[in-house]
>>> print(open('target36.txt').read())   # compact mmCIF, C-alpha atoms
# COMPACT_ATOMS: atom_id res chain seq x y z
CA HIS A 30 4.08 1.33 -14.54
CA GLU A 31 2.87 1.37 -10.93
CA LEU A 32 -0.74 1.59 -12.08
CA ARG A 33 -0.37 -1.07 -14.77
CA THR A 34 0.84 -3.82 -12.43
CA PRO A 35 -2.35 -4.07 -10.34
CA LEU A 36 -4.51 -3.56 -13.42
CA THR A 37 -2.75 -6.42 -15.19
CA ALA A 38 -3.27 -8.70 -12.17
CA ILE A 39 -6.93 -7.72 -11.87
CA ASN A 40 -7.58 -8.27 -15.57
CA GLY A 41 -5.65 -11.54 -15.73
CA TRP A 42 -7.41 -13.06 -12.74
CA ALA A 43 -10.82 -11.80 -13.87
CA GLU A 44 -10.27 -13.58 -17.22
CA THR A 45 -9.03 -16.73 -15.46
CA VAL A 46 -11.96 -16.88 -13.06
CA ALA A 47 -14.48 -16.11 -15.81
CA GLY A 48 -12.99 -18.82 -18.02
CA ASP A 49 -12.89 -21.54 -15.35
CA LEU A 50 -15.88 -21.33 -13.03
CA GLY A 51 -15.62 -25.05 -12.28
CA ASP A 52 -12.69 -24.73 -9.84
CA PRO A 53 -13.84 -23.07 -6.60
CA GLU A 54 -10.30 -22.91 -5.14
CA LEU A 55 -8.95 -21.16 -8.24
CA ALA A 56 -11.91 -18.77 -8.23
CA ALA A 57 -11.41 -17.95 -4.53
CA SER A 58 -7.69 -17.38 -5.03
CA GLY A 59 -8.27 -15.20 -8.07
CA LEU A 60 -10.96 -13.13 -6.35
CA SER A 61 -8.70 -12.63 -3.34
CA ILE A 62 -5.93 -11.31 -5.60
CA ILE A 63 -8.41 -9.07 -7.42
CA GLN A 64 -9.52 -7.60 -4.09
CA LYS A 65 -5.94 -7.08 -2.89
CA GLU A 66 -4.86 -5.40 -6.12
CA THR A 67 -8.01 -3.25 -6.18
CA ARG A 68 -7.20 -1.97 -2.68
CA ARG A 69 -3.61 -1.29 -3.76
CA LEU A 70 -4.79 0.57 -6.86
CA SER A 71 -7.29 2.59 -4.81
CA GLN A 72 -4.50 3.64 -2.43
CA MET A 73 -2.37 4.78 -5.37
CA VAL A 74 -5.26 6.81 -6.78
CA GLU A 75 -5.80 8.44 -3.36
CA GLU A 76 -2.10 9.36 -3.22
CA LEU A 77 -2.28 10.86 -6.71
CA LEU A 78 -5.33 12.88 -5.69
CA ASP A 79 -3.49 14.09 -2.56
CA PHE A 80 -0.55 15.23 -4.71
CA SER A 81 -2.98 17.06 -6.96
CA ARG A 82 -4.58 18.76 -3.94
CA ILE A 83 -1.14 19.77 -2.62
CA GLU A 84 -0.11 21.24 -5.97
CA SER A 85 -3.39 23.14 -6.36
CA GLY A 86 -3.16 24.52 -2.81
CA ARG A 87 -6.34 22.76 -1.67
CA LEU A 88 -4.35 20.66 0.82
CA LYS A 89 -1.87 22.25 3.17
CA LEU A 90 0.83 20.27 4.92
CA GLN A 91 1.81 21.11 8.47
CA THR A 92 5.44 20.64 9.42
CA GLU A 93 6.48 19.56 12.87
CA VAL A 94 9.83 19.09 14.57
CA PHE A 95 10.29 15.68 16.16
CA ASP A 96 13.04 13.58 17.71
CA LEU A 97 14.08 10.98 15.13
CA ARG A 98 15.90 8.97 17.81
CA ALA A 99 12.67 8.64 19.80
CA VAL A 100 10.86 7.38 16.69
CA HIS A 101 13.64 4.85 16.09
CA LEU A 102 13.50 3.66 19.70
CA HIS A 103 9.72 3.35 19.55
CA ARG A 104 9.93 1.28 16.35
CA ALA A 105 12.71 -0.89 17.82
CA PHE A 106 10.64 -1.50 20.96
CA ALA A 107 7.53 -2.34 18.91
CA ALA A 108 9.53 -4.68 16.69
CA GLY A 109 11.08 -6.37 19.73
CA ARG A 110 7.63 -7.20 21.06
CA HIS A 111 7.11 -9.22 17.88
CA GLY A 112 10.49 -10.92 18.03
CA LEU A 113 12.05 -8.69 15.35
CA VAL A 114 15.38 -6.89 15.50
CA VAL A 115 15.90 -3.39 14.06
CA ARG A 116 19.42 -2.77 12.78
CA ARG A 117 21.06 0.30 11.35
CA ALA A 118 21.82 0.21 7.64
>>> encode(input="target36.txt", output="structure tokens")
Amino acid sequence: HELRTPLTAINGWAETVAGDLGDPELAASGLSIIQKETRRLSQMVEELLDFSRIESGRLKLQTEVFDLRAVHLHRAFAAGRHGLVVRRA
């Protein structure tokens, strides 16, 4: 399902743009969506390849202990600089 969504968008916009080359705004919008969905699909493929590498032992993960409170404070500070508020769920 996750792979079909960007493929459907890419295919739909490619057909739309190919069928209506007379509208530059529509073509630009469609091509922008195609590029965005292609990047999203590429990221998903990279993640699938990483999972495959992990399972085959070709990619090793390193674990590290860290202070989750410090990460939360860092994110809250960064968000505050942009006028956002971080709240606990």
>>> atom_distance(input="target36.txt", atom1="CA of Ala56 (chain A)", atom2="CA of Arg69 (chain A)")
19.9 Å
>>> residues_around(input="target36.txt", residues="Gln72 (chain A)", least_positions_apart="5", cutoff="12 Å", atoms="all atoms listed in the file", output="list in words")
Glu31, Leu32, Pro35, Lys65, Glu66, Thr67, Leu77, Leu78 and Asp79 of chain A
>>> atom_distance(input="target36.txt", atom1="CA of Pro53 (chain A)", atom2="CA of Ser71 (chain A)")
26.5 Å
>>> residues_around(input="target36.txt", residues="Gln64 (chain A)", least_positions_apart="2", cutoff="12 Å", atoms="only C-alpha atoms", output="PDB file with C-alpha atoms, in the frame of the given file")
ATOM      1  CA  PRO A  35      -2.350  -4.070 -10.340  1.00  0.00           C
ATOM      2  CA  LEU A  36      -4.510  -3.560 -13.420  1.00  0.00           C
ATOM      3  CA  ALA A  38      -3.270  -8.700 -12.170  1.00  0.00           C
ATOM      4  CA  ILE A  39      -6.930  -7.720 -11.870  1.00  0.00           C
ATOM      5  CA  ASN A  40      -7.580  -8.270 -15.570  1.00  0.00           C
ATOM      6  CA  TRP A  42      -7.410 -13.060 -12.740  1.00  0.00           C
ATOM      7  CA  ALA A  43     -10.820 -11.800 -13.870  1.00  0.00           C
ATOM      8  CA  ALA A  57     -11.410 -17.950  -4.530  1.00  0.00           C
ATOM      9  CA  SER A  58      -7.690 -17.380  -5.030  1.00  0.00           C
ATOM     10  CA  GLY A  59      -8.270 -15.200  -8.070  1.00  0.00           C
ATOM     11  CA  LEU A  60     -10.960 -13.130  -6.350  1.00  0.00           C
ATOM     12  CA  SER A  61      -8.700 -12.630  -3.340  1.00  0.00           C
ATOM     13  CA  ILE A  62      -5.930 -11.310  -5.600  1.00  0.00           C
ATOM     14  CA  GLU A  66      -4.860  -5.400  -6.120  1.00  0.00           C
ATOM     15  CA  THR A  67      -8.010  -3.250  -6.180  1.00  0.00           C
ATOM     16  CA  ARG A  68      -7.200  -1.970  -2.680  1.00  0.00           C
ATOM     17  CA  ARG A  69      -3.610  -1.290  -3.760  1.00  0.00           C
ATOM     18  CA  LEU A  70      -4.790   0.570  -6.860  1.00  0.00           C
ATOM     19  CA  SER A  71      -7.290   2.590  -4.810  1.00  0.00           C
TER      20      SER A  71
END
>>> atom_distance(input="target36.txt", atom1="CA of Thr92 (chain A)", atom2="CA of Ala108 (chain A)")
26.7 Å
